[in-house]
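Visitor: Structure: model16.cif, mmCIF, C-alpha atoms.
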data_my_file
#
loop_
_atom_site.label_atom_id
_atom_site.label_comp_id
_atom_site.auth_asym_id
_atom_site.auth_seq_id
_atom_site.Cartn_x
_atom_site.Cartn_y
_atom_site.Cartn_z
CA PHE A 23 63.93 117.63 67.71
CA HIS A 24 67.64 117.72 67.03
CA LYS A 25 68.76 121.33 67.29
CA ASN A 26 70.36 121.26 63.83
CA ALA A 27 67.53 119.47 62.03
CA ASP A 28 65.81 120.88 58.97
CA ILE A 29 62.24 120.02 58.01
CA ILE A 30 61.55 119.75 54.29
CA PHE A 31 57.94 120.04 53.06
CA ASN A 32 56.92 118.73 49.65
CA PHE A 33 53.40 119.22 48.31
CA TYR A 34 52.06 117.21 45.39
CA ASP A 35 48.75 117.84 43.67
CA ASN A 36 48.77 114.73 41.52
CA SER A 37 46.41 111.82 42.22
CA ILE A 38 47.26 109.27 44.88
CA SER A 39 47.49 105.67 43.70
CA ASN A 40 44.57 103.35 44.41
CA LYS A 41 46.67 101.43 46.94
CA THR A 42 46.82 104.42 49.27
CA ARG A 43 43.27 105.67 48.66
CA GLN A 44 41.12 105.32 51.80
CA ASN A 45 37.77 106.65 52.96
CA LYS A 46 39.32 109.10 55.38
CA LEU A 47 39.97 112.79 55.17
CA ILE A 48 43.52 112.43 56.45
CA VAL A 49 45.77 109.38 56.11
CA PHE A 50 48.95 109.51 58.20
CA ASN A 51 51.89 107.24 57.39
CA ALA A 52 55.08 107.56 59.41
CA ASP A 53 58.12 106.51 57.41
CA THR A 54 61.64 106.39 58.78
CA SER A 55 63.36 106.40 55.40
CA VAL A 56 66.79 107.96 55.59
CA ILE A 57 67.04 111.59 54.50
CA PRO A 58 70.48 112.62 55.75
CA ASN A 59 70.07 114.86 58.80
CA LYS A 60 66.67 116.05 57.63
CA ILE A 61 63.02 115.38 58.39
CA GLY A 62 60.96 115.11 55.23
CA VAL A 63 57.22 115.79 55.10
CA ASP A 64 55.51 114.77 51.84
CA CYS A 65 51.88 115.79 51.28
CA LEU A 66 49.86 114.27 48.44
CA VAL A 67 46.33 115.37 47.54
CA ASP A 68 43.65 113.86 45.37
CA GLU A 69 39.94 114.65 45.14
CA GLU A 70 39.04 113.64 48.71
CA ASN A 71 42.19 112.63 50.54
CA LEU A 72 45.28 114.20 52.01
CA THR A 73 48.11 111.73 52.57
CA VAL A 74 51.06 112.80 54.71
CA LYS A 75 54.32 110.87 54.79
CA ILE A 76 57.01 111.82 57.27
CA HIS A 77 60.59 110.63 56.75
CA VAL A 78 62.71 110.69 59.90
CA PRO A 79 66.37 109.55 59.97
CA GLN A 80 66.51 107.05 62.85
CA TYR A 81 70.12 107.79 63.71
CA ALA A 82 69.47 111.51 64.15
CA HIS A 83 66.14 111.55 66.02
CA LYS A 84 64.19 109.67 68.65
CA PRO A 85 61.94 106.92 67.22
CA GLN A 86 58.77 108.53 68.62
CA ILE A 87 59.42 111.75 66.70
CA SER A 88 57.54 110.38 63.69
CA GLU A 89 54.39 109.73 65.69
CA GLU A 90 54.59 112.99 67.65
CA LEU A 91 55.13 115.09 64.54
CA GLY A 92 52.39 113.27 62.65
CA THR A 93 49.89 113.70 65.49
CA GLU A 94 50.64 117.43 65.72
CA PHE A 95 50.45 117.81 61.96
CA VAL A 96 46.99 116.20 61.85
CA LYS A 97 45.83 118.40 64.72
CA GLN A 98 46.88 121.57 62.93
CA ILE A 99 45.33 120.45 59.62
CA GLU A 100 42.04 119.81 61.42
CA LYS A 101 42.17 123.34 62.85
CA ILE A 102 42.65 124.75 59.36
CA ILE A 103 39.73 122.68 58.06
CA ASP A 104 37.54 123.94 60.90
CA ILE A 105 38.40 127.58 60.12
CA CYS A 106 37.84 127.13 56.38
CA THR A 107 34.47 125.41 56.80
CA THR A 108 33.00 127.56 59.58
CA SER A 109 34.36 131.07 59.12
CA GLU A 110 32.54 133.46 56.79
CA ALA A 111 35.41 135.96 56.81
CA VAL A 112 38.24 135.76 54.29
CA VAL A 113 41.47 135.05 56.14
CA LYS A 114 44.64 135.59 54.13
CA THR A 115 47.95 134.01 55.06
CA ARG A 116 51.53 134.52 53.90
CA SER A 117 51.09 131.88 51.18
CA ASP A 118 48.51 134.10 49.46
CA PHE A 119 51.21 136.61 48.52
CA SER A 120 54.24 136.64 46.21
CA ASP A 121 56.80 137.69 48.82
CA ASP A 122 58.31 134.41 50.04
CA ARG A 123 60.28 136.26 52.73
CA LEU A 124 57.17 137.77 54.32
CA THR A 125 56.83 137.00 58.03
CA GLU A 126 53.65 136.68 60.07
CA VAL A 127 54.56 139.81 62.02
CA GLU A 128 55.04 141.79 58.81
CA LEU A 129 51.77 140.54 57.34
CA ASN A 130 49.84 141.54 60.45
CA GLU A 131 51.35 145.02 60.34
CA LEU A 132 50.51 145.45 56.65
CA MET A 133 46.95 144.31 57.30
CA ASP A 134 46.66 146.92 60.06
CA VAL A 135 47.91 149.65 57.71
CA PHE A 136 46.08 148.79 54.50
CA ALA A 137 43.26 146.35 55.30
CA SER A 138 41.77 147.28 58.63
CA GLY A 139 38.08 147.07 59.55
CA ASP A 140 35.75 145.66 56.91
CA ASN A 141 38.31 145.97 54.14
CA GLU A 142 40.10 142.63 54.61
CA ASN A 143 40.48 142.10 50.86
CA ALA A 144 42.17 145.47 50.26
CA ILE A 145 45.59 143.86 49.76
CA LYS A 146 45.85 142.02 46.46
CA ASP A 147 49.53 141.14 46.67
CA ILE A 148 52.74 141.84 48.59
CA LEU A 149 56.12 141.87 46.86
CA CYS A 150 59.77 142.45 47.65
CA LEU A 151 61.47 145.44 46.07
CA THR A 152 64.04 144.98 43.33
CA PRO A 153 67.55 146.28 44.11
CA SER A 154 66.92 149.34 41.91
CA GLN A 155 63.63 150.04 43.70
CA GLU A 156 65.38 149.81 47.04
CA GLY A 157 67.91 152.40 45.87
CA ILE A 158 65.18 154.72 44.59
CA TYR A 159 63.25 154.39 47.84
CA ALA A 160 66.33 155.20 49.90
CA GLN A 161 66.97 158.37 47.89
CA TYR A 162 63.28 159.30 48.01
CA PHE A 163 63.34 158.91 51.80
CA GLN A 164 66.40 161.14 52.18
CA SER A 165 65.86 163.71 49.42
CA THR A 166 64.26 167.14 49.86
CA ASP A 167 63.93 167.60 46.09
CA THR A 168 60.28 166.83 45.29
CA LYS A 169 61.12 166.40 41.58
CA THR A 170 63.51 163.52 42.21
CA TYR A 171 62.54 160.39 40.25
CA GLN A 172 59.34 161.84 38.82
CA LEU A 173 58.45 161.17 35.19
CA GLN A 174 56.09 163.14 32.94
CA ASN A 175 54.76 162.54 29.46
CA LEU A 176 52.63 164.92 27.39
CA CYS A 177 50.79 163.96 24.23
CA LYS A 178 48.06 165.46 22.10
CA ILE A 179 44.83 163.46 21.85
CA ASN A 180 41.69 163.65 19.74
CA LYS A 181 39.46 166.56 20.70
CA ASP A 182 36.41 164.38 20.08
CA ALA A 183 37.50 161.60 22.44
CA ASP A 184 34.87 160.56 25.01
CA LEU A 185 36.53 161.47 28.32
CA GLY A 186 34.24 159.12 30.22
CA LEU A 187 35.61 156.23 28.17
CA VAL A 188 39.14 157.54 28.65
CA GLU A 189 38.69 157.45 32.42
CA LYS A 190 37.26 153.93 32.25
CA SER A 191 40.20 152.89 30.08
CA VAL A 192 42.58 154.17 32.74
CA GLU A 193 40.88 151.94 35.33
CA LEU A 194 41.16 148.94 33.00
CA LEU A 195 44.81 149.78 32.42
CA ALA A 196 45.43 149.39 36.16
CA LEU A 197 43.79 145.95 36.10
CA ARG A 198 46.20 144.86 33.38
CA HIS A 199 49.27 146.43 34.98
CA GLN A 200 49.00 145.93 38.74
CA VAL A 201 52.09 148.07 39.32
CA LEU A 202 49.73 151.05 38.92
CA LYS A 203 47.94 149.91 42.10
CA THR A 204 51.01 149.72 44.31
CA ALA A 205 52.04 151.44 47.52
CA PHE A 206 55.38 151.35 49.32
CA THR A 207 55.89 151.33 53.06
CA VAL A 208 58.59 150.74 55.65
CA LEU A 209 57.54 148.26 58.33
CA LYS A 210 58.01 149.41 61.90
CA SER A 211 58.37 145.83 63.10
CA THR A 212 61.35 144.82 60.94
CA GLY A 213 62.45 147.89 58.98
CA ALA A 214 61.80 146.05 55.70
CA ILE A 215 60.38 147.93 52.70
CA LYS A 216 57.40 146.26 51.05
CA GLN A 217 55.55 146.85 47.81
CA VAL A 218 51.82 146.35 48.35
CA VAL A 219 49.30 145.96 45.52
CA LEU A 220 45.98 147.44 46.62
CA GLU A 221 42.71 146.13 45.19
CA ASN A 222 40.91 149.48 45.21
CA ARG A 223 43.75 151.84 44.29
CA ASN A 224 43.37 153.31 40.81
CA PRO A 225 45.37 155.90 38.88
CA GLU A 226 44.36 159.47 39.61
CA PHE A 227 42.34 160.97 36.76
CA SER A 228 41.42 164.66 36.40
CA ILE A 229 40.30 167.15 33.75
CA LEU A 230 41.46 170.76 33.45
CA SER A 231 39.14 172.73 31.16
CA HIS A 232 40.20 176.09 29.72
CA ASN A 233 37.66 178.07 27.72
CA ILE A 234 40.36 179.68 25.61
CA PRO A 235 42.16 178.76 22.39
CA PHE A 236 45.31 176.69 22.76
CA SER A 237 48.11 178.54 24.52
CA GLN A 238 51.61 177.09 24.74
CA ALA A 239 52.41 179.32 27.70
CA THR A 240 49.35 178.06 29.58
CA LEU A 241 50.21 174.44 28.79
CA ASP A 242 53.81 174.93 29.94
CA GLU A 243 52.57 176.45 33.20
CA ILE A 244 50.26 173.46 33.82
CA VAL A 245 53.10 171.00 33.21
CA GLU A 246 55.40 172.93 35.56
CA GLU A 247 52.79 173.08 38.32
CA ASP A 248 52.07 169.38 37.92
CA ILE A 249 55.69 168.33 38.51
CA LYS A 250 55.66 170.25 41.81
CA LYS A 251 53.05 167.82 43.18
CA SER A 252 55.24 165.24 44.86
CA PHE A 253 54.21 161.67 45.70
CA ASP A 254 53.69 160.06 49.08
CA LEU A 255 54.72 156.52 48.16
CA GLN A 256 52.41 154.97 50.73
CA ARG A 257 49.28 157.09 50.49
CA ASP A 258 49.15 158.46 46.95
CA SER A 259 48.31 156.88 43.63
CA LEU A 260 51.66 156.73 41.83
CA PHE A 261 50.22 157.21 38.35
CA ARG A 262 48.31 160.40 37.53
CA ILE A 263 46.61 161.40 34.31
CA THR A 264 45.45 164.95 33.66
CA ILE A 265 43.43 165.89 30.59
CA VAL A 266 44.15 169.49 29.58
CA ASP A 267 41.23 170.74 27.49
CA PHE A 268 41.36 173.91 25.36
CA GLU A 269 38.66 175.13 23.00
CA ASP A 270 40.53 173.82 19.98
CA ALA A 271 42.98 171.25 21.36
CA ARG A 272 43.25 168.53 23.98
CA PHE A 273 46.30 167.03 25.70
CA MET A 274 46.95 164.14 28.07
CA LEU A 275 49.59 164.66 30.76
CA THR A 276 50.82 161.60 32.63
CA HIS A 277 52.84 161.90 35.82
CA THR A 278 54.35 158.93 37.63
CA HIS A 279 57.11 157.93 40.02
CA HIS A 280 60.20 156.14 38.74
CA ILE A 281 59.91 153.50 41.50
CA ILE A 282 57.08 151.84 39.54
CA LEU A 283 57.96 152.78 35.94
CA ASP A 284 60.93 153.78 33.83
CA GLY A 285 61.32 155.54 30.51
CA TRP A 286 60.93 152.25 28.63
CA CYS A 287 57.70 151.23 30.36
CA LEU A 288 55.82 154.51 30.08
CA PRO A 289 55.33 154.39 26.26
CA VAL A 290 54.02 150.82 26.62
CA LEU A 291 51.33 152.00 29.01
CA ILE A 292 50.41 154.95 26.81
CA ASN A 293 50.06 152.62 23.80
CA ASP A 294 47.88 150.24 25.83
CA LEU A 295 45.67 153.14 26.84
#
What's the structure tokens form of this structure?
Guide:
Amino acid sequence: FHKNADIIFNFYDNSISNKTRQNKLIVFNADTSVIPNKIGVDCLVDEENLTVKIHVPQYAHKPQISEELGTEFVKQIEKIIDICTTSEAVVKTRSDFSDDRLTEVELNELMDVFASGDNENAIKDILCLTPSQEGIYAQYFQSTDTKTYQLQNLCKINKDADLGLVEKSVELLALRHQVLKTAFTVLKSTGAIKQVVLENRNPEFSILSHNIPFSQATLDEIVEEDIKKSFDLQRDSLFRITIVDFEDARFMLTHTHHIILDGWCLPVLINDL
């Protein structure tokens, strides 16, 4: 290939016209239509056929490039078909995730960290960080203040509330807001920071029972001790809920890290709960 050539891939899921429909799994048509300085690969799919058209500018590439590229393309497609039809294991690729800058090396490293062994489906999604998240992570990485970027919210709840249902509601909340299932890690291979949504990570839920009447001093002490519990952004759940139960009153204390939520988002989650 020409050292400065780009290859453009276009995928279409609409039906192929009857003129191109054939009783073959793969139909290869080499086309030397002019796309200035670029090789174009158009893939069209209908119910049973995959049609591939390759556009190669004749003045920029050797004539046999169309045939060579098409032959290699078919070979690789057949390998994918073989894996998909014979393998029982779920194999995820970069296209399964939201991060369009994710490399194969980075994906393999993340799989080793979060989805090793029999837990291949542990990673639900991989995302880039927003600029503000990158800034928060940098300060988290450098700071010795464990209270940095931690958010708390305390509210009084019904004493008669079924705590089993409350805990279940917290799990359902994480299904609706996948940010509550996220972990953050720095990749050794590239130094990039990735946000990983984990299938089996749920908010941390706990109950503190006190067989005494409500005491503001006791409640204040619980809140102060809670904020001292810092977060490991890779290993810990980044959303914690603690039910503080007195004989005559009940409170819900939420504790989260600012890298996943801000002061505007937290009330939305509480209302959903």
Visitor: Find the residue from A:Asn180, A:Ser228, A:Thr152, A:Gln86 that sits nearest to Ile282 in chain A; use only C-alpha atoms when measuring.
Guide: A:Thr152
Visitor: Evaluate the PyMOL selection byres ((chain A and resi 159) around 10) against this structure - the residues, as a CSV table (one decimal) with C-alpha atoms, keeping the file's coordinate frame, please.
Guide:
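Wrote selection-v9.csv, looks like this:
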chain,number,residue,atom,x,y,z
A,151,LEU,CA,61.5,145.4,46.1
A,153,PRO,CA,67.6,146.3,44.1
A,154,SER,CA,66.9,149.3,41.9
A,155,GLN,CA,63.6,150.0,43.7
A,156,GLU,CA,65.4,149.8,47.0
A,157,GLY,CA,67.9,152.4,45.9
A,158,ILE,CA,65.2,154.7,44.6
A,160,ALA,CA,66.3,155.2,49.9
A,161,GLN,CA,67.0,158.4,47.9
A,162,TYR,CA,63.3,159.3,48.0
A,163,PHE,CA,63.3,158.9,51.8
A,164,GLN,CA,66.4,161.1,52.2
A,165,SER,CA,65.9,163.7,49.4
A,171,TYR,CA,62.5,160.4,40.2
A,206,PHE,CA,55.4,151.4,49.3
A,207,THR,CA,55.9,151.3,53.1
A,208,VAL,CA,58.6,150.7,55.6
A,215,ILE,CA,60.4,147.9,52.7
A,255,LEU,CA,54.7,156.5,48.2
A,280,HIS,CA,60.2,156.1,38.7
A,281,ILE,CA,59.9,153.5,41.5
Visitor: To test your reading of the syntax: which residues would the PyMOL selection byres ((chain A and resi 210-214) around 10) return for the file shown? Reply as a ChimeraX atom specification.
Guide: /A:124-125,127-128,130-132,150-151,207-209,215-216
Visitor: Quick one: apply the PyMOL selection byres ((chain A and resi 113-123) around 7) to the file and drop the selected residues here as a PDB file with C-alpha atoms, keeping the file's coordinate frame.
Guide:
ATOM      1  CA  ALA A 111      35.410 135.960  56.810  1.00  0.00           C
ATOM      2  CA  VAL A 112      38.240 135.760  54.290  1.00  0.00           C
ATOM      3  CA  LEU A 124      57.170 137.770  54.320  1.00  0.00           C
ATOM      4  CA  THR A 125      56.830 137.000  58.030  1.00  0.00           C
ATOM      5  CA  GLU A 126      53.650 136.680  60.070  1.00  0.00           C
ATOM      6  CA  LEU A 129      51.770 140.540  57.340  1.00  0.00           C
ATOM      7  CA  ASP A 147      49.530 141.140  46.670  1.00  0.00           C
ATOM      8  CA  ILE A 148      52.740 141.840  48.590  1.00  0.00           C
ATOM      9  CA  LEU A 149      56.120 141.870  46.860  1.00  0.00           C
ATOM     10  CA  CYS A 150      59.770 142.450  47.650  1.00  0.00           C
TER      11      CYS A 150
END
Visitor: Report, as lines of an AutoDock Vina configuration file, the axis-aligned box around all atoms of range 272-291 of chain A present in the file, extended by 4 Å on each side; give centre and edge lengths in Å to one decimal place.
Guide:
center_x = 52.3
center_y = 159.7
center_z = 32.7
size_x = 26.1
size_y = 25.7
size_z = 25.5
Visitor: Enter the distance from CA of Leu230 in chain A to CA of Ile179 in chain A, in Å, rounded to one decimal.
Guide: 14.1 Å
Visitor: Which value, in Å to one decimal, gives the distance between CA of Glu246 in chain A and CA of Gln217 in chain A?
Guide: 28.8 Å
Visitor: Could you state the separation of CA of Thr276 in chain A and CA of Gln238 in chain A in Å, given to one decimal place?
Guide: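 Spanning CA of Thr276 in chain A to CA of Gln238 in chain A is a straight-line distance of 17.4 Å.
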Visitor: Which residue out of A:Ile105, A:Ile249, A:Val188, A:Cys65 has the minimum interatomic distance to Thr170 in chain A when only C-alpha atoms are used?
Guide: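 Of all the options, A:Ile249 lies closest to Thr170 in chain A.
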Visitor: Can you pull out every residue within 7 Å of range 231-237 of chain A, counting only C-alpha atoms, but drop anything in the same chain fewer than 5 positions away, and send it as a list in words?
Guide: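 Selected residues are Val266, Asp267, Phe268, Glu269, Asp270 and Ala271 of chain A.
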Visitor: Just want the 9 Å neighbourhood of Met274 in chain A, counted on only C-alpha atoms, with same-chain residues fewer than 6 positions away dropped. Output as a PyMOL selection string.
Guide: chain A and resi 175-179+263-267
Visitor: Using all atoms listed in the file, which residue out of A:Val67, A:Leu91, A:Ile229, A:Cys106 lies closest to Glu189 in chain A?
Guide: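 Selected residue with least distance to Glu189 in chain A: A:Ile229.
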